Every structure is written in structure tokens, then in C-alpha cells.
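A.B. asks: model.txt is reproduced below (compact mmCIF, C-alpha atoms and all ligand atoms).
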```
# COMPACT_ATOMS: atom_id res chain seq x y z
CA MET S 1 170.18 130.28 102.26
CA LYS S 2 171.87 128.54 99.33
CA THR S 3 170.05 125.95 97.26
CA ASP S 4 171.66 122.51 96.89
CA GLN S 5 172.77 123.44 93.39
CA GLU S 6 174.35 126.73 94.52
CA SER S 7 176.19 124.88 97.29
CA LEU S 8 177.57 122.43 94.76
CA ARG S 9 178.85 125.34 92.66
CA ASP S 10 180.39 127.32 95.51
CA PRO S 11 183.57 128.97 94.10
CA ARG S 12 185.38 128.91 97.47
CA LEU S 13 184.80 125.21 97.88
CA ALA S 14 185.83 124.68 94.26
CA GLN S 15 189.12 126.46 94.95
CA ALA S 16 189.62 124.34 98.07
CA LEU S 17 189.06 121.15 96.08
CA ALA S 18 191.37 122.42 93.33
CA GLY S 19 194.02 122.93 96.04
CA ALA S 20 193.46 119.36 97.27
CA LEU S 21 193.77 118.15 93.69
CA HIS S 22 197.13 119.88 93.27
CA ARG S 23 198.41 118.53 96.59
CA ALA S 24 197.23 114.97 95.94
CA ALA S 25 198.19 114.61 92.26
CA PRO S 26 201.09 112.31 91.46
CA ARG S 27 204.21 113.93 89.96
CA ARG S 28 203.99 111.84 86.79
CA PRO S 29 201.55 112.75 84.00
CA VAL S 30 198.18 111.00 84.39
CA ARG S 31 195.29 110.67 81.97
CA ILE S 32 191.76 110.29 83.31
CA VAL S 33 188.89 109.34 81.05
CA HIS S 34 185.21 109.95 81.60
CA VAL S 35 182.47 108.41 79.49
CA CYS S 36 179.62 110.81 79.98
CA GLY S 37 178.47 113.79 77.94
CA THR S 38 177.04 115.43 81.05
CA HIS S 39 180.45 115.25 82.74
CA GLU S 40 181.98 116.92 79.69
CA ILE S 41 179.36 119.68 79.84
CA THR S 42 180.12 120.34 83.52
CA ILE S 43 183.88 120.28 82.95
CA SER S 44 183.76 122.55 79.91
CA ALA S 45 180.98 124.93 80.97
CA HIS S 46 182.56 125.58 84.38
CA GLY S 47 186.14 125.72 83.13
CA LEU S 48 187.24 122.89 85.41
CA ARG S 49 190.16 121.90 83.17
CA HIS S 50 191.76 125.23 84.05
CA LEU S 51 191.82 124.17 87.71
CA LEU S 52 193.68 120.91 87.04
CA PRO S 53 197.36 120.40 87.83
CA ASP S 54 199.52 120.53 84.70
CA LYS S 55 200.14 116.82 84.70
CA VAL S 56 196.50 115.78 85.06
CA THR S 57 194.55 115.44 81.81
CA VAL S 58 190.83 114.66 81.68
CA LEU S 59 189.44 113.33 78.39
CA GLU S 60 186.05 112.23 77.16
CA GLY S 61 185.72 108.70 75.79
CA PRO S 62 182.67 107.07 74.22
CA GLY S 63 180.20 108.81 76.50
CA CYS S 64 177.72 110.22 74.02
CA PRO S 65 175.13 107.57 73.09
CA VAL S 66 174.17 109.33 69.89
CA CYS S 67 177.80 109.53 68.75
CA VAL S 68 178.49 105.82 69.20
CA THR S 69 175.34 104.52 67.50
CA SER S 70 176.73 102.75 64.45
CA THR S 71 175.97 103.84 60.93
CA VAL S 72 174.64 100.34 60.21
CA GLU S 73 171.92 100.81 62.82
CA LEU S 74 171.18 104.38 61.78
CA ASP S 75 170.96 103.37 58.11
CA GLN S 76 168.54 100.59 59.11
CA ALA S 77 166.30 103.12 60.84
CA VAL S 78 166.41 105.45 57.84
CA ARG S 79 165.59 102.56 55.51
CA LEU S 80 162.58 101.53 57.57
CA ALA S 81 161.30 105.11 57.61
CA THR S 82 161.67 105.48 53.86
CA GLN S 83 159.65 102.25 53.48
CA GLY S 84 156.78 103.88 55.38
CA VAL S 85 157.34 102.46 58.87
CA ALA S 86 156.91 105.15 61.55
CA VAL S 87 160.31 105.44 63.23
CA CYS S 88 160.40 107.03 66.68
CA THR S 89 163.60 108.07 68.41
CA PHE S 90 165.17 110.67 70.66
CA GLY S 91 165.67 114.19 69.26
CA ASP S 92 169.47 114.00 69.37
CA MET S 93 169.47 111.16 66.81
CA MET S 94 167.67 113.17 64.16
CA ARG S 95 170.65 114.97 62.63
CA VAL S 96 173.31 112.28 63.07
CA PRO S 97 174.84 111.63 59.64
CA GLY S 98 174.03 108.24 58.11
CA THR S 99 175.66 106.88 54.98
CA GLU S 100 173.23 108.74 52.75
CA LEU S 101 170.60 110.47 54.90
CA THR S 102 169.94 111.62 58.44
CA LEU S 103 166.58 110.75 59.97
CA ASP S 104 165.76 114.46 59.76
CA GLN S 105 166.46 114.48 56.02
CA ALA S 106 164.34 111.36 55.59
CA ARG S 107 161.52 113.16 57.41
CA SER S 108 161.88 116.23 55.20
CA GLN S 109 161.39 113.88 52.23
CA GLY S 110 158.09 112.71 53.71
CA ALA S 111 159.18 109.66 55.72
CA PRO S 112 157.22 109.16 58.99
CA VAL S 113 159.94 109.96 61.55
CA HIS S 114 158.88 111.08 65.03
CA THR S 115 160.83 112.57 67.93
CA VAL S 116 159.83 111.03 71.26
CA LEU S 117 160.93 111.43 74.86
CA SER S 118 160.61 107.76 75.78
CA ALA S 119 159.80 104.28 74.51
CA ALA S 120 156.39 104.69 76.15
CA ASP S 121 155.63 107.60 73.77
CA ALA S 122 156.31 105.29 70.82
CA VAL S 123 153.99 102.63 72.26
CA GLU S 124 151.34 105.32 72.70
CA LEU S 125 151.70 106.27 69.02
CA ALA S 126 151.32 102.60 68.03
CA ARG S 127 148.15 102.27 70.14
CA ARG S 128 146.68 105.44 68.61
CA SER S 129 147.49 104.28 65.06
CA PRO S 130 146.58 100.57 64.80
CA GLY S 131 147.04 100.53 61.01
CA GLN S 132 150.55 101.94 61.17
CA GLU S 133 153.70 99.94 61.92
CA VAL S 134 155.75 101.77 64.57
CA VAL S 135 159.42 101.13 65.39
CA PHE S 136 161.18 102.59 68.41
CA PHE S 137 164.84 103.12 67.52
CA ALA S 138 166.27 102.44 70.97
CA VAL S 139 169.65 104.09 71.58
CA GLY S 140 171.54 104.87 74.74
CA PHE S 141 173.31 103.18 77.62
CA GLU S 142 172.10 101.50 80.81
CA THR S 143 170.31 104.78 81.63
CA THR S 144 167.72 104.50 78.87
CA ALA S 145 167.63 100.72 78.43
CA PRO S 146 165.30 100.11 81.44
CA GLY S 147 162.66 102.39 79.83
CA THR S 148 162.74 100.27 76.67
CA ALA S 149 162.65 97.09 78.75
CA ALA S 150 159.63 98.34 80.69
CA VAL S 151 157.47 98.67 77.58
CA LEU S 152 158.67 95.35 76.13
CA VAL S 153 157.66 93.32 79.17
CA ASP S 154 154.29 95.09 79.33
CA ASP S 155 152.76 93.40 76.28
CA PRO S 156 152.99 96.24 73.73
CA PRO S 157 150.71 96.24 70.66
CA ASP S 158 151.51 94.03 67.65
CA ASN S 159 152.21 97.01 65.38
CA PHE S 160 155.04 98.11 67.71
CA SER S 161 158.63 96.87 67.62
CA VAL S 162 162.08 97.91 68.80
CA LEU S 163 165.22 98.42 66.74
CA CYS S 164 167.58 97.82 69.62
CA SER S 165 170.89 99.70 69.70
CA HIS S 166 171.36 99.93 73.46
CA LYS S 167 174.96 99.70 74.61
CA LEU S 168 176.76 98.93 77.86
CA ILE S 169 179.39 101.16 79.42
CA PRO S 170 181.69 98.81 81.44
CA PRO S 171 182.67 96.62 78.44
CA ALA S 172 183.41 99.76 76.40
CA VAL S 173 185.66 101.11 79.15
CA GLU S 174 187.51 97.79 79.33
CA TYR S 175 187.97 97.86 75.57
CA LEU S 176 189.40 101.37 75.84
CA LEU S 177 191.79 100.36 78.60
CA ASP S 178 193.13 97.55 76.40
CA MET S 179 193.42 99.71 73.31
CA PRO S 180 196.94 100.74 72.21
CA GLY S 181 197.56 104.47 72.35
CA THR S 182 194.98 105.40 74.96
CA GLU S 183 197.23 105.06 78.05
CA LEU S 184 194.55 105.75 80.61
CA ASP S 185 195.26 105.89 84.33
CA GLY S 186 191.77 106.16 85.80
CA LEU S 187 188.05 106.35 85.14
CA LEU S 188 185.62 109.02 86.30
CA ALA S 189 182.58 106.75 86.10
CA PRO S 190 179.25 108.14 84.91
CA GLY S 191 176.70 109.02 87.57
CA HIS S 192 173.60 108.44 85.44
CA VAL S 193 174.58 104.97 84.27
CA SER S 194 175.81 104.08 87.74
CA THR S 195 172.42 104.84 89.33
CA VAL S 196 171.22 101.78 87.39
CA ILE S 197 174.21 99.42 87.45
CA GLY S 198 175.61 100.50 90.82
CA ALA S 199 179.20 101.27 91.81
CA LYS S 200 179.84 97.54 92.20
CA ALA S 201 179.58 97.12 88.42
CA TYR S 202 183.17 98.38 88.10
CA VAL S 203 184.75 95.95 90.54
CA ASP S 204 185.70 93.33 87.94
CA LEU S 205 187.07 95.99 85.63
CA VAL S 206 189.29 97.34 88.42
CA ARG S 207 190.47 93.86 89.34
CA ARG S 208 191.37 93.02 85.75
CA HIS S 209 192.98 96.34 84.80
CA GLN S 210 194.23 97.72 88.12
CA VAL S 211 192.94 101.23 87.42
CA PRO S 212 191.23 103.50 89.93
CA VAL S 213 187.51 104.13 89.34
CA VAL S 214 185.46 106.82 91.06
CA VAL S 215 181.76 107.35 90.38
CA GLY S 216 181.08 111.08 90.07
CA GLY S 217 178.07 113.37 90.01
CA PHE S 218 177.45 116.29 87.72
CA GLU S 219 177.82 119.52 89.63
CA PRO S 220 181.27 121.17 89.55
CA LEU S 221 182.07 120.18 93.14
CA ASP S 222 180.95 116.59 92.42
CA VAL S 223 183.42 116.35 89.56
CA LEU S 224 186.28 118.00 91.45
CA TYR S 225 185.74 115.77 94.49
CA ALA S 226 185.73 112.65 92.31
CA LEU S 227 188.96 113.81 90.63
CA VAL S 228 190.59 114.33 94.04
CA LEU S 229 189.73 110.76 95.01
CA LEU S 230 191.06 109.48 91.67
CA VAL S 231 194.42 111.23 91.86
CA ARG S 232 194.79 110.19 95.52
CA GLN S 233 194.43 106.56 94.49
CA MET S 234 196.98 107.11 91.72
CA ALA S 235 199.46 108.79 94.04
CA ASP S 236 199.04 106.00 96.61
CA GLY S 237 199.36 103.26 93.99
CA GLU S 238 195.84 101.99 94.71
CA ALA S 239 193.15 100.70 92.36
CA LYS S 240 189.65 100.42 93.80
CA VAL S 241 186.08 101.57 93.21
CA GLU S 242 184.94 104.60 95.18
CA ASN S 243 181.56 106.27 95.07
CA ALA S 244 181.74 110.06 95.19
CA TYR S 245 178.05 110.38 94.29
CA PRO S 246 176.26 108.51 97.09
CA ARG S 247 173.26 110.84 97.08
CA ALA S 248 172.19 109.21 93.79
CA VAL S 249 174.23 106.03 93.33
CA ALA S 250 173.93 102.97 95.55
CA TRP S 251 176.62 100.28 95.62
CA GLU S 252 174.12 97.73 94.28
CA GLY S 253 172.42 100.13 91.85
CA ASN S 254 168.73 100.03 91.03
CA GLY S 255 167.57 96.42 91.40
CA GLN S 256 164.21 97.01 89.72
CA ALA S 257 165.80 98.54 86.63
CA GLN S 258 168.36 95.72 86.46
CA GLU S 259 165.57 93.13 86.71
CA LEU S 260 163.62 94.79 83.88
CA MET S 261 166.73 94.69 81.71
CA ARG S 262 167.30 91.01 82.54
CA ARG S 263 163.70 90.17 81.56
CA ALA S 264 163.84 92.05 78.25
CA PHE S 265 167.40 91.70 76.95
CA HIS S 266 170.38 89.47 76.61
CA VAL S 267 173.91 90.74 76.21
CA CYS S 268 175.39 90.64 72.70
CA ASP S 269 178.39 91.96 70.80
CA ALA S 270 177.79 95.47 69.49
CA SER S 271 179.25 97.79 66.91
CA TRP S 272 180.29 101.23 68.20
CA ARG S 273 180.64 104.00 65.67
CA GLY S 274 184.25 104.84 64.94
CA ILE S 275 185.44 102.10 67.31
CA GLY S 276 184.19 98.85 65.83
CA GLU S 277 182.77 95.75 67.42
CA ILE S 278 183.14 95.41 71.18
CA PRO S 279 182.38 91.98 72.63
CA ALA S 280 179.43 91.73 75.03
CA SER S 281 178.79 95.48 74.92
CA GLY S 282 175.23 95.62 73.57
CA LEU S 283 171.72 94.47 74.32
CA SER S 284 169.29 92.59 72.10
CA LEU S 285 165.77 91.35 72.75
CA ARG S 286 165.30 87.99 74.43
CA THR S 287 163.95 85.22 72.21
CA GLU S 288 160.58 85.19 73.97
CA LEU S 289 160.12 88.86 72.98
CA SER S 290 161.21 88.39 69.37
CA GLN S 291 157.77 89.34 68.02
CA TRP S 292 158.70 92.92 68.99
CA ASP S 293 162.22 92.74 67.58
CA ALA S 294 162.29 95.01 64.51
CA ALA S 295 165.48 93.37 63.22
CA MET S 296 163.61 90.03 62.96
CA LYS S 297 160.24 91.47 61.97
CA TYR S 298 161.68 93.32 58.98
CA GLU S 299 164.52 90.84 58.32
CA ILE S 300 167.04 93.64 58.53
CA GLN S 301 170.52 92.84 57.29
CA GLY S 302 173.48 94.81 58.60
CA GLU S 303 175.43 96.47 55.81
CA GLN S 304 178.54 98.36 56.69
CA GLY S 305 178.00 102.09 56.14
CA GLN S 306 180.33 105.03 56.29
CA GLU S 307 181.24 105.34 59.97
CA VAL S 308 182.99 108.70 59.85
CA ALA S 309 183.39 111.22 57.04
CA PRO S 310 186.82 111.87 55.47
CA GLY S 311 188.83 114.22 57.66
CA CYS S 312 186.59 113.74 60.70
CA ARG S 313 188.47 112.62 63.83
CA CYS S 314 185.45 111.35 65.76
CA ALA S 315 186.98 107.87 65.79
CA ASP S 316 189.95 109.23 67.80
CA VAL S 317 187.82 111.57 69.94
CA LEU S 318 185.56 108.68 70.94
CA VAL S 319 188.49 106.65 72.26
CA ALA S 320 190.22 109.53 74.05
CA ARG S 321 193.15 109.58 71.62
CA ALA S 322 192.29 113.11 70.48
CA VAL S 323 190.30 116.11 71.65
CA PRO S 324 187.91 117.99 69.37
CA ALA S 325 190.35 120.85 68.81
CA ASP S 326 192.79 118.35 67.26
CA CYS S 327 190.40 117.98 64.34
CA PRO S 328 191.21 120.34 61.46
CA LEU S 329 187.49 120.69 60.74
CA PHE S 330 186.55 121.73 64.29
CA GLY S 331 184.67 125.03 64.17
CA VAL S 332 185.69 125.57 60.54
CA GLY S 333 184.09 122.98 58.26
CA CYS S 334 182.18 121.40 61.15
CA THR S 335 179.85 123.29 63.50
CA PRO S 336 176.62 122.38 65.32
CA LEU S 337 174.65 124.02 62.48
CA SER S 338 176.55 122.06 59.88
CA PRO S 339 177.94 118.92 61.57
CA VAL S 340 180.31 116.62 59.69
CA GLY S 341 180.65 113.93 62.33
CA PRO S 342 178.40 112.55 65.07
CA CYS S 343 180.39 114.21 67.88
CA MET S 344 179.21 117.63 66.66
CA VAL S 345 175.52 116.70 66.61
CA GLY S 346 174.09 115.68 69.96
CA ALA S 347 174.04 117.99 72.98
CA GLU S 348 176.44 115.54 74.68
CA GLY S 349 178.87 115.11 71.78
CA ALA S 350 182.39 116.20 72.76
CA CYS S 351 182.82 118.44 69.72
CA ALA S 352 179.44 120.13 70.22
CA VAL S 353 180.21 120.71 73.92
CA TRP S 354 183.64 122.17 73.17
CA TYR S 355 182.21 124.37 70.42
CA ARG S 356 179.49 125.67 72.70
CA HIS S 357 181.73 126.35 75.67
CA GLY S 358 184.91 127.41 73.88
CA GLU S 359 187.00 124.65 75.42
CA ARG S 360 190.59 124.60 74.18
CA PRO S 361 192.75 122.76 76.72
CA VAL S 362 196.16 121.44 75.76
CA VAL S 363 196.47 117.65 75.84
S1 LIG S 401 184.93 118.56 64.74
FE1 LIG S 401 183.42 117.55 63.42
S2 LIG S 401 184.63 116.52 61.89
FE2 LIG S 401 186.01 116.98 63.60
S3 LIG S 401 185.96 115.20 64.96
FE3 LIG S 401 184.39 116.58 65.67
S4 LIG S 401 182.52 115.92 64.64
FE4 LIG S 401 184.23 114.98 63.51
```
Represent the structure contained in this file as C-alpha cells.
Ligand code: SF4

C.D. replies:
Amino acid sequence: MKTDQESLRDPRLAQALAGALHRAAPRRPVRIVHVCGTHEITISAHGLRHLLPDKVTVLEGPGCPVCVTSTVELDQAVRLATQGVAVCTFGDMMRVPGTELTLDQARSQGAPVHTVLSAADAVELARRSPGQEVVFFAVGFETTAPGTAAVLVDDPPDNFSVLCSHKLIPPAVEYLLDMPGTELDGLLAPGHVSTVIGAKAYVDLVRRHQVPVVVGGFEPLDVLYALVLLVRQMADGEAKVENAYPRAVAWEGNGQAQELMRRAFHVCDASWRGIGEIPASGLSLRTELSQWDAAMKYEIQGEQGQEVAPGCRCADVLVARAVPADCPLFGVGCTPLSPVGPCMVGAEGACAVWYRHGERPVV
């Protein structure tokens, strides 16, 4: 008997869905964006782009949380660490280039930088080390924000604080849809984020922009099925939200996680690396929690750093105006062992995924 995962990777069913995709696709060229590193991994690792009709293009937008964390925020974390504050963050952030140093380089110079799996690990470090100031550098989308919120509303120790760089996906997608040169016809919405915010979170976006949105899961058949629903909407001239991942995503999302986020954060404008400031696309700590706000505690000032290195096309990759192979440095001057831009660093960065899986589709 097949496991659930084997069933969702069944080659015969994949071929059947590819056939449905070809039959349903509109005759005009269409560009679909997804905003999720895990979707890109599934698409690239399983060669799904090779099953697409010629006129259907699937691109990754700003779906890698590490890639879109602004240099200003990263430089702030590095600065705190070099001043002796213990900075805790996720492993993927360690090698992301800052203006002068990565967190990893700061650590190699003796700065107290720690890799953690969650905000709770950082709180644990603060409790174990009462004489040491500990900052959790909180990055990621609606998927990781509830974990940060949970520790903030649970009365963490005084020597703990949060440098908050959480970002929100729907405002970023809207920004992309408005951006000249992106010409996007539909959104494959991220399953992870949608488990928290629910499929209903895209309703306003669809109403305002008249683009089809389908929430998709992460196995090959999940992605293909979501793409079939998307191209069907396009061919029929429809624009609505559909949920192709109901085994994980509810229409309303996760109410408990949403409530935690409401108690801990308010929505603010946020700077996205390579993209710039997007209104109402970030989270910052509520005033009543300001004693744990590292930006206030350390009076951090934002200074504009170097967002992308000369020659690096991350800024275009992150807004679906280019694919990694369009960058002259891809695989030559820039590799996962020697990354030039943020998209080559994290496991979910488009350039790193393409490098690992040899993706070279024509756009
Ligand atoms: S290949 Fe490297 S330099 Fe080019 S866009 Fe990607 S991360 Fe930037």
C-alpha cells in the first residue's frame, strides 16, 4: 500500500494532471507567481516546469523570508552582536550578506551569535543566562510570526528582546501585482502561510486586482492540481479564491495563531530587500510590549545598507521579473558555497534552489 506521500507523487496521476493542465490552459501566454520557497523546491526538484504548456510560466516572487529581510535589519543584528548582545536567529540567516558582515562572520570574530529553531529557544537562553542580554532576530512570514508572538505574550525575562522583521505575504503580493513589468495573471498561494491566515485572506486582493488565487500544497500533485485550477479560472475569465490544499488550510485559517499575532503585533510599513518599502507589510511589537522591543531598548536607528551587490539580480528575481539563470553570476561567481546575493543563501532562495536542482526553464 502506498503512503500518503507516495500517492501525492504518483507519476501516472501527475501525467493525468499535466494533461488536464494542457487542456485547460488559455491560448494566450500566462504568468503565474508563487511566493513560497517550498513551492519552488517542489517545482524544481520534480521537474514540474517541464510538464507545463508552452504558454504557462511559473515564477517565484518574494517567497524566501531570508532573502527579503532588509540589509538595514540585518546590519542592526550584526551591530548588536558585535556590541556583545547575544543575537539568536534561524540558521538560514547566518550567511546572508550584510553591508559589511554576515552574522556568521560576526560570530567567527567572537560575537555571541546563536542559531535557534524557535523564539522559545532564545527565551530559554535568556533564562539560563540572566547576566546576558539576548535578542531574538525574528524573521519570516505569517508562518513564524505566531511563534514569536507566543513568547512575547508569555512574560519573557527582562534580558530578552525581539528585533522584529516579520513580514506579511498578502500586501507583498498586491505590491507585486501593481508593479510595472511583472504582468502576473495568477497567484499560487503559499500553503504554510495560508494555514495561519486562511484562504479567505486573499479575498480582498482578488476583488481589487481581479486575479485568480489558488492555495496549493507542497507535493507534486498538490502543485499540479492548484495550477490546473488556476489556468481553468484564467481560461474561463474568472477571478476567485480556491483552496486546493484543504487537508491543511481552512478557509478561516488558524484562529489561535491569528489571535496571538493580534495580541503581540501591530501592522506597519516594512522594507523588503531589493524591493523597497511596502505599506502595511510588516509587524512590529505593540506598545504595551515595548519593553521587549529591541529597536526601542537599544535605540536602533535604521541606516540604509547595501541591498544587493553589484551585478546581482536578486532585486529582479524577488519580484518575478527575472529567473536566477538570467543573472550573469548564477553558478559562476555566485554559488551556495560562495553566495553573492541573498537568493543564493537560504535553502528556500530561488537561486539556491535552481542551483541545487539544475533548473533552467525558458521564461
Ligand atoms: S545568482 Fe547570485 S548574484 Fe545572481 S541573482 Fe542570484 S543571488 Fe544574486

A.B. asks: So what do you get for CA of Val345 in chain S versus CA of Val58 in chain S, distance-wise?

C.D. replies: 21.6 Å

A.B. asks: Given all atoms listed in the file, how would the per-residue table for chain S near ligand LIG 401 (chain S) read, listing every residue at most 7 Å away with its closest atom pair and distance in Å to one decimal, sorted by chain and number, as a Markdown table?

C.D. replies:
```
| residue | atom | partner | partner_atom | distance |
| --- | --- | --- | --- | --- |
| S:Gly311 | CA | S:LIG401 | S2 | 6.4 |
| S:Cys312 | CA | S:LIG401 | S2 | 3.6 |
| S:Arg313 | CA | S:LIG401 | S3 | 3.8 |
| S:Cys314 | CA | S:LIG401 | S3 | 4.0 |
| S:Val317 | CA | S:LIG401 | S3 | 6.4 |
| S:Pro324 | CA | S:LIG401 | FE3 | 5.3 |
| S:Cys327 | CA | S:LIG401 | FE2 | 4.6 |
| S:Pro328 | CA | S:LIG401 | FE2 | 6.6 |
| S:Leu329 | CA | S:LIG401 | FE2 | 4.9 |
| S:Phe330 | CA | S:LIG401 | S1 | 3.6 |
| S:Gly331 | CA | S:LIG401 | S1 | 6.5 |
| S:Cys334 | CA | S:LIG401 | FE1 | 4.6 |
| S:Thr335 | CA | S:LIG401 | FE1 | 6.8 |
| S:Pro339 | CA | S:LIG401 | FE1 | 5.9 |
| S:Val340 | CA | S:LIG401 | S2 | 4.8 |
| S:Gly341 | CA | S:LIG401 | S4 | 3.6 |
| S:Pro342 | CA | S:LIG401 | S4 | 5.3 |
| S:Cys343 | CA | S:LIG401 | S4 | 4.2 |
| S:Met344 | CA | S:LIG401 | S4 | 4.2 |
| S:Cys351 | CA | S:LIG401 | FE3 | 4.7 |
```

A.B. asks: To one decimal place in Å, what is the distance between CA of Arg128 in chain S and CA of Cys88 in chain S?

C.D. replies: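 Interatomic distance, CA of Arg128 in chain S to CA of Cys88 in chain S: 13.9 Å.
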
A.B. asks: Please indicate the distance in Å from CA of Ile169 in chain S to CA of Glu124 in chain S, rounded to one decimal place.

C.D. replies: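 Taking CA of Ile169 in chain S and CA of Glu124 in chain S, their separation equals 29.1 Å.
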
A.B. asks: Could you tell me which of S:Leu260, S:Ile197, S:Ala226, S:Ala14 comes closest to Gly47 in chain S if we count all atoms listed in the file?

C.D. replies: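 Of all the options, S:Ala14 lies closest to Gly47 in chain S.
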
A.B. asks: Restricting the calculation to only C-alpha atoms, which member of S:Val68, S:Leu224, S:Trp354, S:Arg262 is positioned closest to Ala150 in chain S?

C.D. replies: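 Looking only at the distances to Ala150 in chain S, the closest residue turns out to be S:Arg262.
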
A.B. asks: Tell me which of S:Leu163, S:Ala106, S:Ala24, S:Leu230 sits closest to Ser290 in chain S, counting only C-alpha atoms.

C.D. replies: S:Leu163

A.B. asks: Pick out the closest residue to Ala86 in chain S from this set: S:His114, S:Arg273, S:Arg31, S:His192. Count all atoms listed in the file.

C.D. replies: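 Of S:His114, S:Arg273, S:Arg31, S:His192, the one nearest Ala86 in chain S, counting all atoms listed in the file, is S:His114.
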
A.B. asks: Neighbouring residues of Gly237 in chain S were defined as those with any atom within 10 Å, considering only C-alpha atoms; residues of the same chain fewer than 5 positions away were excluded. Please report them as a list in words.

C.D. replies: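 The contact residues come out as Pro26, Gln210, Val211, Pro212, Val231 and Arg232 of chain S.
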
A.B. asks: Might I get the box with edges along x, y and z of the file that holds all atoms of range 105-113 of chain S listed there, padded by 4 Å on every side, given as centre and edge lengths in Å to one decimal, as JSON?

C.D. replies:
```
{"center_x": 161.8, "center_y": 112.7, "center_z": 56.9, "size_x": 17.2, "size_y": 15.1, "size_z": 17.3}
```

A.B. asks: So, with all atoms listed in the file as the atoms that count, which of S:Ala189, S:Met296, S:Ala280, S:Val134 lies closest to Asp222 in chain S?

C.D. replies: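 The shortest atom-to-atom distance to Asp222 in chain S comes from S:Ala189.
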
A.B. asks: How would you write as a JSON list (two decimals) with C-alpha atoms, in the coordinates of the input the residues that get within 9 Å of (177.8, 120.3, 94.0) in the file's frame, counting only C-alpha atoms?

C.D. replies:
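Saved as point18.json:
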```json
[["chain", "number", "residue", "atom", "x", "y", "z"],
["S", 4, "ASP", "CA", 171.66, 122.51, 96.89],
["S", 5, "GLN", "CA", 172.77, 123.44, 93.39],
["S", 6, "GLU", "CA", 174.35, 126.73, 94.52],
["S", 7, "SER", "CA", 176.19, 124.88, 97.29],
["S", 8, "LEU", "CA", 177.57, 122.43, 94.76],
["S", 9, "ARG", "CA", 178.85, 125.34, 92.66],
["S", 10, "ASP", "CA", 180.39, 127.32, 95.51],
["S", 217, "GLY", "CA", 178.07, 113.37, 90.01],
["S", 218, "PHE", "CA", 177.45, 116.29, 87.72],
["S", 219, "GLU", "CA", 177.82, 119.52, 89.63],
["S", 220, "PRO", "CA", 181.27, 121.17, 89.55],
["S", 221, "LEU", "CA", 182.07, 120.18, 93.14],
["S", 222, "ASP", "CA", 180.95, 116.59, 92.42],
["S", 223, "VAL", "CA", 183.42, 116.35, 89.56]]
```

A.B. asks: Determine, counting only C-alpha atoms, which protein, DNA and RNA residues have an atom within 9 Å of an atom of Ala18 in chain S; residues of the same chain fewer than 6 positions away are not included. Present the result as a ChimeraX atom specification.

C.D. replies: /S:48,51-53,224-225,228

A.B. asks: Using only C-alpha atoms for the distances, tell me which of S:Pro156, S:Glu40, S:His34, S:Val214 is nearest to Met234 in chain S.

C.D. replies: S:Val214

A.B. asks: Considering only C-alpha atoms, return as a list in words whatever protein or nucleic-acid residues lie within 12 Å of Gly110 in chain S, sequence-local ones (same chain, fewer than 5 positions apart) excluded.

C.D. replies: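 The residues that qualify are Val78, Ala81, Thr82, Gln83, Gly84, Val85, Ala86, Leu103, Asp104 and Gln105 of chain S.
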
A.B. asks: Step by step: start from the point (164.3, 92.6, 57.5) in the file's coordinates, keep every protein, DNA or RNA residue that has an atom no farther than 12 Å from it, count all atoms listed in the file, and write the set as a list in words.

C.D. replies: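 Residues with an atom close enough to that point: Gln76, Ala77, Arg79, Leu80, Gln83, Leu163, Asp293, Ala294, Ala295, Met296, Lys297, Tyr298, Glu299, Ile300, Gln301, Gly302 and Glu303 of chain S.
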
A.B. asks: Quick one: residues within 10 Å of Leu289 in chain S, only C-alpha atoms, excluding same-chain residues fewer than 4 positions away - as JSON, numbers by chain?

C.D. replies: {"S": [152, 153, 155, 161, 263, 264, 265, 284, 285, 293]}
